[in-house]
Amino acid sequence: MAELSKAYEPGEVEAAWYARWLEGKCFHAEAGSGKPGYSIVIPPPNVTGILHMGHVLNNTIQDILCRRARQEGKEVLWLPGTDHAGIATQTKVERKLRDEGKTKRDVGREKFLEMVWDWKDHHGGIIIDQLKKLGCSCDWERERFTMDEEYSREVQRTFVHFFKQGNIYRGKRMVNWCPVSLTALSDEEVDMKPQQSKLYYMKYELVEEPGTHLRIATTRPETLMGDTGVAVNPRDERYGHLVGKHARRPFPAADIPIVADEHIDPEFGTGVLKVTPAHDKADFEIGQRHGLEILDVLHPDGRVNCPECPDLDGLDRFEARYVAAKKLEDMGLLEKTEDHENKVGFSERAGVPIEPRISMQWFLRYPQVGRATRVVADGEIEFRPPRWKKTYMNWMENIQDWCISRQLWWGHRIPVWYRKEKAVELQEAESLDAADLERGDLHVGTEPPGDPGNWVQDEDVLDTWFSSWLWPYATMDEPTRAKFYPTSDLSTGPDILFFWVARMIMAGLEFMDEVPFKNVYFHSIVRDLKGDKMSKSLGNSPDPLDLIANYGADGLRLGLMRIAPTGMDVRFDEKQIEEGRNFANKLWNACRYRLMQGEAAMGGPAAADRPAELPVYAIDILAKLDALGEQLETAYAAYKFNDIAAQLYEFFWSNFCDLYLEAVKNDFREGGERKAATLWTMDVCLSRFLQALHPFMPHVTEELWRTLGFGREGEFLMQAELPREPVLAGLDAAEARERAAAVYESASRIRNLKAEYNLASNKKVRLVVKPAGGWVEAEAATLALLTGAAAVDFDAAYEPPKGTPAALTAVGEVYLPLEGLIDVAAERSRLGKEIAKVEKEMAKSEAKLGNANFVERAKPEVVEQERGRLKDWQEKIAQLQEMLAGLG
């Protein structure tokens, strides 16, 4: 006979079932299948990554969608993989070299890349193993890496395609520069953060009016050595007469022109701007408009580069800020400093302020912008929640060319070669075009030139996102693409809407001529209970593997999904994960209780075998089961995963366990047809519920499905299709449901009545009922069972002794005779103390409301709240006095 252990041990069950799924190739997607296809591509985690709570949430959502699709009879591909993560991975290896006192240039590019690949081979699979512990049902046979040979070839083909189109170009532009990673960054890789800064008010002398000074406010005195102009607004009457004259830069001393430019905000600072074209995007544009010289006074690593000022040259930019300010002060040119809050761009990866920098970079003019905008605007791709549609539209309307080059060694190297004798000239050229290809000085292709010794390859690599924007189709071979592309759903975070989602749409339209996915679900951001973003540095981010060890993967999955409302951030609470584990225990114990009543039918209960006669409680729970199926369909269609989790929890814990199982315990003692009907009902509920719960808690449901014998021989629960017919098809359940609800509600009222008189829930009492209808007496045994009554007497003419506790319920008037149940003297004393306590509180409220100052000065809602409190006390004391009177 099948049996379950007394305690559920998730670690053993989860590891065993994952191994069985892999052995049974349950996750494998068959491209030649006749079933309708369903597909998701995993947002590839960085190869450097380890599992965090955001991964848990997103991958649980994807696994839920995939497991549900399998239950619907679809051929499912969940395609996994990892991203080479250029900056992050290179930084890991460079850190190791630094510990050895070396840099990447000490070992050379080739050796350095060997070290990165070695690091990847040793550490790159960590997050994949962690995803398996979570229960992710990915097709691991199709696992991809963005540096795989064929994938890399696709990236190169993409570059060549756009270069030959004329949409990839190279030029000197102002870019976001990371002084730690020493590479350019796209706008999307920069986080704008509010900072408490200083505003320095300094003075530049007018060259044409010696002794007269212009007051200038700046947050960056450390770059004034690069000032090549001063700008004012042409409509600012204070300074119009100065346009065309010159100001003297303090150090190194130089006369620089005063220009008029509409960009200047007359309200900021003094209305005068020092223009540093090499170190500010707005200043660069002003400089371009007015032909100002570009002077770069910072090294790539953020140190000052100004030999003419030896006291500043070589200093870190932030140290130089204070040295420059002190120097101005010593020269009598610093008027004052003020606290100032401004927004500063930070490198998302390195966490340091970026530097606007003039640099030679490769850029891409985005393809398919109009079409990519329309497919979202017209609903061909659905965004959920829909509010992200507006964010997407705003970005598409203001889209800027993409800086696709990075000054790194790890990544897809730009497939451009320069003829050796022309290499320096071409690498410094303002632009490269087809003419250079025709002259034979430039080679752009997926293969190097035939005579590689005569060529030099471009040093830069492509932005990591330039490879991952091809992910939905470049990960698939032709047969897989024919079956599973475009993909069905994409689940991702809203923080990479521009990095990844928008770019994938454009790439899909450009290269596949269709959208890459039909639905995009933007999951919540996981925060701590205070609302702060989780991070290891703050110490507020739990390790998911510790949570899995303590509560099981299924407990983590269900607990997290219950607190992940659509479109809102998750406030993580470990107690909810504990609740997830408790739910698994409740399910385990309910199934164990079922096995204690006898073996279940092999292959599970069939709806066709429905007993001719079903008790009202069976009809009620089966109707709720059918309703649950409909509710889940609706919630899945709306991607409301936390609603699904709540509905599953409510059905099983409250309706099945707390109500139904408690109501039918007598049936197992009676035996016969009543017991058979109850066992059939339990089996139907459990089998269908295990299927419904499976996407959220796959391991424990699979174990219970097998142990209860619900599946066919050799069948996995995850492969069993959902039943399509309602259990109660053709049966009118309204009357039975009404009666069951009446009994459950009445039992609850009676238990409350017992509690009011300090009677334990299991205290055997006698109830007297004036029934509300002829059907009520048939439910006496169930009513007694649910209320802990030794006897339930029905007497329509019952005249209760004065003060007998009573409740008006759906089954009628219910009385609770107290004879022999309580110590009257002790109860009278307890009630007296309670009355005195309430009278004291009531007196406080009356005193407040009787105080004219309080009534006149307090807010109306506060006064109203106090009146409500007084009313509550009055009702409470009346109830207590009635109970006291009932004691005689």
# chains A, B, ... in the order shown; residues from 1 in each chain; ligands from 1
$ residues_around --residues "Asn398 in chain A" --least-positions-apart "3" --cutoff "12 Å" --atoms "only C-alpha atoms" --output "mmCIF file with C-alpha atoms, in the first residue's frame"
data_model
loop_
_atom_site.group_PDB
_atom_site.id
_atom_site.type_symbol
_atom_site.label_atom_id
_atom_site.label_comp_id
_atom_site.auth_asym_id
_atom_site.auth_seq_id
_atom_site.Cartn_x
_atom_site.Cartn_y
_atom_site.Cartn_z
ATOM 1 C CA TYR A 366 18.675 51.981 -35.220
ATOM 2 C CA VAL A 369 12.204 52.387 -35.723
ATOM 3 C CA GLY A 370 8.825 53.282 -37.251
ATOM 4 C CA THR A 373 6.886 51.673 -32.732
ATOM 5 C CA THR A 391 7.423 54.543 -21.632
ATOM 6 C CA TYR A 392 8.425 52.571 -24.710
ATOM 7 C CA MET A 393 6.776 55.071 -27.052
ATOM 8 C CA ASN A 394 8.543 58.017 -25.429
ATOM 9 C CA TRP A 395 11.909 56.326 -25.834
ATOM 10 C CA ASP A 401 22.145 56.475 -32.313
ATOM 11 C CA PHE A 498 15.389 49.863 -23.647
#
$ residues_around --residues "Ala797 in chain A" --least-positions-apart "6" --cutoff "12 Å" --atoms "only C-alpha atoms" --output "list of chain:residue names"
A:Val768, A:Val769, A:Lys770, A:Pro771, A:Glu813
$ closest_residue --among "A:Val160, A:Met842, A:Leu295, A:Ser181" --to "Glu94 in chain A" --atoms "only C-alpha atoms"
A:Ser181
$ select_by_dssp --residues "range 370-404 of chain A" --states "strand (DSSP E)" --output "PyMOL selection string"
chain A and resi 382-384+402-403
$ write_last_selection --atoms "N, CA, C and O atoms" --output "mmCIF file, in the first residue's frame"
data_model
loop_
_atom_site.group_PDB
_atom_site.id
_atom_site.type_symbol
_atom_site.label_atom_id
_atom_site.label_comp_id
_atom_site.auth_asym_id
_atom_site.auth_seq_id
_atom_site.Cartn_x
_atom_site.Cartn_y
_atom_site.Cartn_z
ATOM 1 N N GLU A 382 1.869 42.838 -27.062
ATOM 2 C CA GLU A 382 1.176 43.340 -25.873
ATOM 3 C C GLU A 382 2.162 43.517 -24.729
ATOM 4 O O GLU A 382 2.957 42.609 -24.441
ATOM 5 N N PHE A 383 2.125 44.684 -24.096
ATOM 6 C CA PHE A 383 2.907 44.921 -22.887
ATOM 7 C C PHE A 383 1.999 44.746 -21.672
ATOM 8 O O PHE A 383 0.879 45.265 -21.645
ATOM 9 N N ARG A 384 2.510 44.030 -20.675
ATOM 10 C CA ARG A 384 1.748 43.823 -19.445
ATOM 11 C C ARG A 384 2.675 44.087 -18.263
ATOM 12 O O ARG A 384 3.722 43.433 -18.191
ATOM 13 N N TRP A 402 23.064 54.472 -31.369
ATOM 14 C CA TRP A 402 23.580 53.569 -30.329
ATOM 15 C C TRP A 402 25.106 53.476 -30.456
ATOM 16 O O TRP A 402 25.625 53.082 -31.506
ATOM 17 N N CYS A 403 25.819 53.841 -29.400
ATOM 18 C CA CYS A 403 27.269 53.650 -29.356
ATOM 19 C C CYS A 403 27.526 52.170 -29.084
ATOM 20 O O CYS A 403 27.302 51.684 -27.975
#
$ residues_around --residues "Asp236 in chain A" --least-positions-apart "6" --cutoff "12 Å" --atoms "only C-alpha atoms" --output "list in words"
Leu242, Val243, Ala260, Asp261, Glu262, His263, Ile264, Asp265, Pro266, Glu267, Thr270, Gly271 and Val272 of chain A
$ residues_around --residues "Ser186 in chain A" --least-positions-apart "4" --cutoff "9 Å" --atoms "only C-alpha atoms" --output "PDB file with N, CA and C atoms, in the first residue's frame"
ATOM      1  N   VAL A 175      30.731  60.863 -25.644  1.00  0.00           N
ATOM      2  CA  VAL A 175      30.133  59.630 -25.142  1.00  0.00           C
ATOM      3  C   VAL A 175      30.189  59.622 -23.614  1.00  0.00           C
ATOM      4  N   ASN A 176      29.441  58.696 -23.045  1.00  0.00           N
ATOM      5  CA  ASN A 176      29.554  58.432 -21.611  1.00  0.00           C
ATOM      6  C   ASN A 176      30.777  57.545 -21.408  1.00  0.00           C
ATOM      7  N   TRP A 177      31.681  57.975 -20.554  1.00  0.00           N
ATOM      8  CA  TRP A 177      32.923  57.226 -20.370  1.00  0.00           C
ATOM      9  C   TRP A 177      33.044  56.763 -18.914  1.00  0.00           C
ATOM     10  N   VAL A 190      23.772  54.105 -17.962  1.00  0.00           N
ATOM     11  CA  VAL A 190      24.096  55.169 -17.006  1.00  0.00           C
ATOM     12  C   VAL A 190      22.889  55.397 -16.100  1.00  0.00           C
ATOM     13  N   TRP A 402      23.064  54.472 -31.369  1.00  0.00           N
ATOM     14  CA  TRP A 402      23.580  53.569 -30.329  1.00  0.00           C
ATOM     15  C   TRP A 402      25.106  53.476 -30.456  1.00  0.00           C
ATOM     16  N   CYS A 403      25.819  53.841 -29.400  1.00  0.00           N
ATOM     17  CA  CYS A 403      27.269  53.650 -29.356  1.00  0.00           C
ATOM     18  C   CYS A 403      27.526  52.170 -29.084  1.00  0.00           C
ATOM     19  N   ILE A 404      27.983  51.448 -30.110  1.00  0.00           N
ATOM     20  CA  ILE A 404      28.065  49.980 -30.013  1.00  0.00           C
ATOM     21  C   ILE A 404      29.470  49.475 -29.719  1.00  0.00           C
ATOM     22  N   ASP A 463      29.373  46.219 -27.871  1.00  0.00           N
ATOM     23  CA  ASP A 463      28.548  46.265 -26.659  1.00  0.00           C
ATOM     24  C   ASP A 463      27.878  44.904 -26.451  1.00  0.00           C
TER      25      ASP A 463
END
$ residues_around --residues "Ala733 in chain A" --least-positions-apart "6" --cutoff "9 Å" --atoms "only C-alpha atoms" --output "short mmCIF file (atom, residue, chain, number, x, y, z; two decimals) with C-alpha atoms, in the first residue's frame"
data_model
loop_
_atom_site.label_atom_id
_atom_site.label_comp_id
_atom_site.auth_asym_id
_atom_site.auth_seq_id
_atom_site.Cartn_x
_atom_site.Cartn_y
_atom_site.Cartn_z
CA VAL A 616 -24.29 18.46 -0.42
CA ILE A 619 -21.37 19.00 -4.57
CA ASP A 620 -20.29 22.24 -2.93
CA ALA A 623 -18.59 23.27 -7.69
#
$ closest_residue --among "A:Gly287, A:Pro805, A:Gly411, A:Pro486" --to "Gly229 in chain A" --atoms "only C-alpha atoms"
A:Gly287
$ residues_around --residues "Asp513 in chain A" --least-positions-apart "5" --cutoff "12 Å" --atoms "only C-alpha atoms" --output "NGL selection string"
:A and (367-368 or 371-372 or 375 or 473 or 485-486 or 505-508)
$ atom_distance --atom1 "CA of Gln196 in chain A" --atom2 "CA of Leu312 in chain A"
23.7 Å
$ atom_distance --atom1 "CA of Leu185 in chain A" --atom2 "CA of Glu149 in chain A"
25.5 Å
$ closest_residue --among "A:Asn851, A:Ser746, A:Ser654, A:Ser5" --to "Leu595 in chain A" --atoms "only C-alpha atoms"
A:Ser5
$ select_by_dssp --residues "range 96-186 of chain A" --states "helix (DSSP H, G or I)" --output "ChimeraX atom specification"
/A:96-99,104-107,109-123,126-134,140-142,149-165
$ closest_residue --among "A:Val456, A:Leu622, A:Ala429, A:Met225" --to "Leu731 in chain A" --atoms "only C-alpha atoms"
A:Leu622
$ residues_around --residues "range 667-684 of chain A" --least-positions-apart "5" --cutoff "8 Å" --atoms "only C-alpha atoms" --output "PDB file with N, CA, C and O atoms, in the first residue's frame"
ATOM      1  N   ARG A 594      -5.700  11.217   3.147  1.00  0.00           N
ATOM      2  CA  ARG A 594      -6.471  10.477   2.133  1.00  0.00           C
ATOM      3  C   ARG A 594      -6.002   9.020   2.053  1.00  0.00           C
ATOM      4  O   ARG A 594      -6.833   8.090   1.992  1.00  0.00           O
ATOM      5  N   GLN A 597      -7.340   6.471   4.446  1.00  0.00           N
ATOM      6  CA  GLN A 597      -8.714   5.996   4.268  1.00  0.00           C
ATOM      7  C   GLN A 597      -8.801   4.870   3.233  1.00  0.00           C
ATOM      8  O   GLN A 597      -9.875   4.334   2.984  1.00  0.00           O
ATOM      9  N   ALA A 600      -6.183   4.871  -3.489  1.00  0.00           N
ATOM     10  CA  ALA A 600      -6.891   5.582  -4.553  1.00  0.00           C
ATOM     11  C   ALA A 600      -6.897   4.692  -5.795  1.00  0.00           C
ATOM     12  O   ALA A 600      -6.059   3.810  -5.956  1.00  0.00           O
ATOM     13  N   GLY A 604      -6.220   7.458 -11.340  1.00  0.00           N
ATOM     14  CA  GLY A 604      -6.991   8.606 -10.874  1.00  0.00           C
ATOM     15  C   GLY A 604      -8.476   8.478 -11.127  1.00  0.00           C
ATOM     16  O   GLY A 604      -8.925   7.629 -11.894  1.00  0.00           O
ATOM     17  N   PRO A 605      -9.266   9.314 -10.472  1.00  0.00           N
ATOM     18  CA  PRO A 605     -10.719   9.263 -10.613  1.00  0.00           C
ATOM     19  C   PRO A 605     -11.158   9.804 -11.965  1.00  0.00           C
ATOM     20  O   PRO A 605     -10.595  10.760 -12.474  1.00  0.00           O
ATOM     21  N   ALA A 606     -12.139   9.195 -12.537  1.00  0.00           N
ATOM     22  CA  ALA A 606     -12.679   9.667 -13.816  1.00  0.00           C
ATOM     23  C   ALA A 606     -13.991  10.380 -13.565  1.00  0.00           C
ATOM     24  O   ALA A 606     -14.813   9.932 -12.762  1.00  0.00           O
ATOM     25  N   ALA A 607     -14.193  11.516 -14.253  1.00  0.00           N
ATOM     26  CA  ALA A 607     -15.439  12.262 -14.079  1.00  0.00           C
ATOM     27  C   ALA A 607     -16.644  11.400 -14.464  1.00  0.00           C
ATOM     28  O   ALA A 607     -17.730  11.536 -13.906  1.00  0.00           O
ATOM     29  N   ARG A 610     -18.660   9.469 -11.761  1.00  0.00           N
ATOM     30  CA  ARG A 610     -19.274  10.258 -10.697  1.00  0.00           C
ATOM     31  C   ARG A 610     -20.454   9.502 -10.084  1.00  0.00           C
ATOM     32  O   ARG A 610     -21.332   9.025 -10.817  1.00  0.00           O
ATOM     33  N   PRO A 611     -20.455   9.364  -8.749  1.00  0.00           N
ATOM     34  CA  PRO A 611     -21.558   8.657  -8.091  1.00  0.00           C
ATOM     35  C   PRO A 611     -22.911   9.301  -8.411  1.00  0.00           C
ATOM     36  O   PRO A 611     -23.010  10.525  -8.590  1.00  0.00           O
ATOM     37  N   GLU A 613     -25.384   9.606  -6.416  1.00  0.00           N
ATOM     38  CA  GLU A 613     -25.800  10.436  -5.283  1.00  0.00           C
ATOM     39  C   GLU A 613     -24.563  11.052  -4.635  1.00  0.00           C
ATOM     40  O   GLU A 613     -23.653  10.338  -4.213  1.00  0.00           O
ATOM     41  N   LEU A 614     -24.536  12.371  -4.566  1.00  0.00           N
ATOM     42  CA  LEU A 614     -23.435  13.071  -3.909  1.00  0.00           C
ATOM     43  C   LEU A 614     -23.978  13.915  -2.757  1.00  0.00           C
ATOM     44  O   LEU A 614     -24.984  14.615  -2.914  1.00  0.00           O
ATOM     45  N   PRO A 615     -23.351  13.847  -1.587  1.00  0.00           N
ATOM     46  CA  PRO A 615     -23.770  14.702  -0.471  1.00  0.00           C
ATOM     47  C   PRO A 615     -23.622  16.177  -0.838  1.00  0.00           C
ATOM     48  O   PRO A 615     -22.853  16.529  -1.741  1.00  0.00           O
ATOM     49  N   ALA A 618     -20.062  17.471  -0.883  1.00  0.00           N
ATOM     50  CA  ALA A 618     -19.307  17.040  -2.058  1.00  0.00           C
ATOM     51  C   ALA A 618     -19.651  17.920  -3.256  1.00  0.00           C
ATOM     52  O   ALA A 618     -18.771  18.392  -3.986  1.00  0.00           O
ATOM     53  N   LEU A 622     -16.985  20.394  -5.146  1.00  0.00           N
ATOM     54  CA  LEU A 622     -16.737  20.143  -6.569  1.00  0.00           C
ATOM     55  C   LEU A 622     -17.134  21.352  -7.415  1.00  0.00           C
ATOM     56  O   LEU A 622     -16.500  21.658  -8.427  1.00  0.00           O
TER      57      LEU A 622
END
$ atom_distance --atom1 "CA of Pro860 in chain A" --atom2 "CA of Lys848 in chain A"
13.5 Å
$ closest_residue --among "A:Ser359, A:Phe27, A:Lys518, A:Glu721" --to "Glu428 in chain A" --atoms "only C-alpha atoms"
A:Ser359
$ closest_atom_pairs --of "range 29-134 of chain A" --to "range 568-586 of chain A" --cutoff "12 Å" --atoms "only C-alpha atoms" --output "Markdown table"
| residue | atom | partner | partner_atom | distance |
| --- | --- | --- | --- | --- |
| A:Met53 | CA | A:Phe572 | CA | 9.1 |
| A:Gly54 | CA | A:Val570 | CA | 9.9 |
| A:Leu57 | CA | A:Val570 | CA | 9.6 |
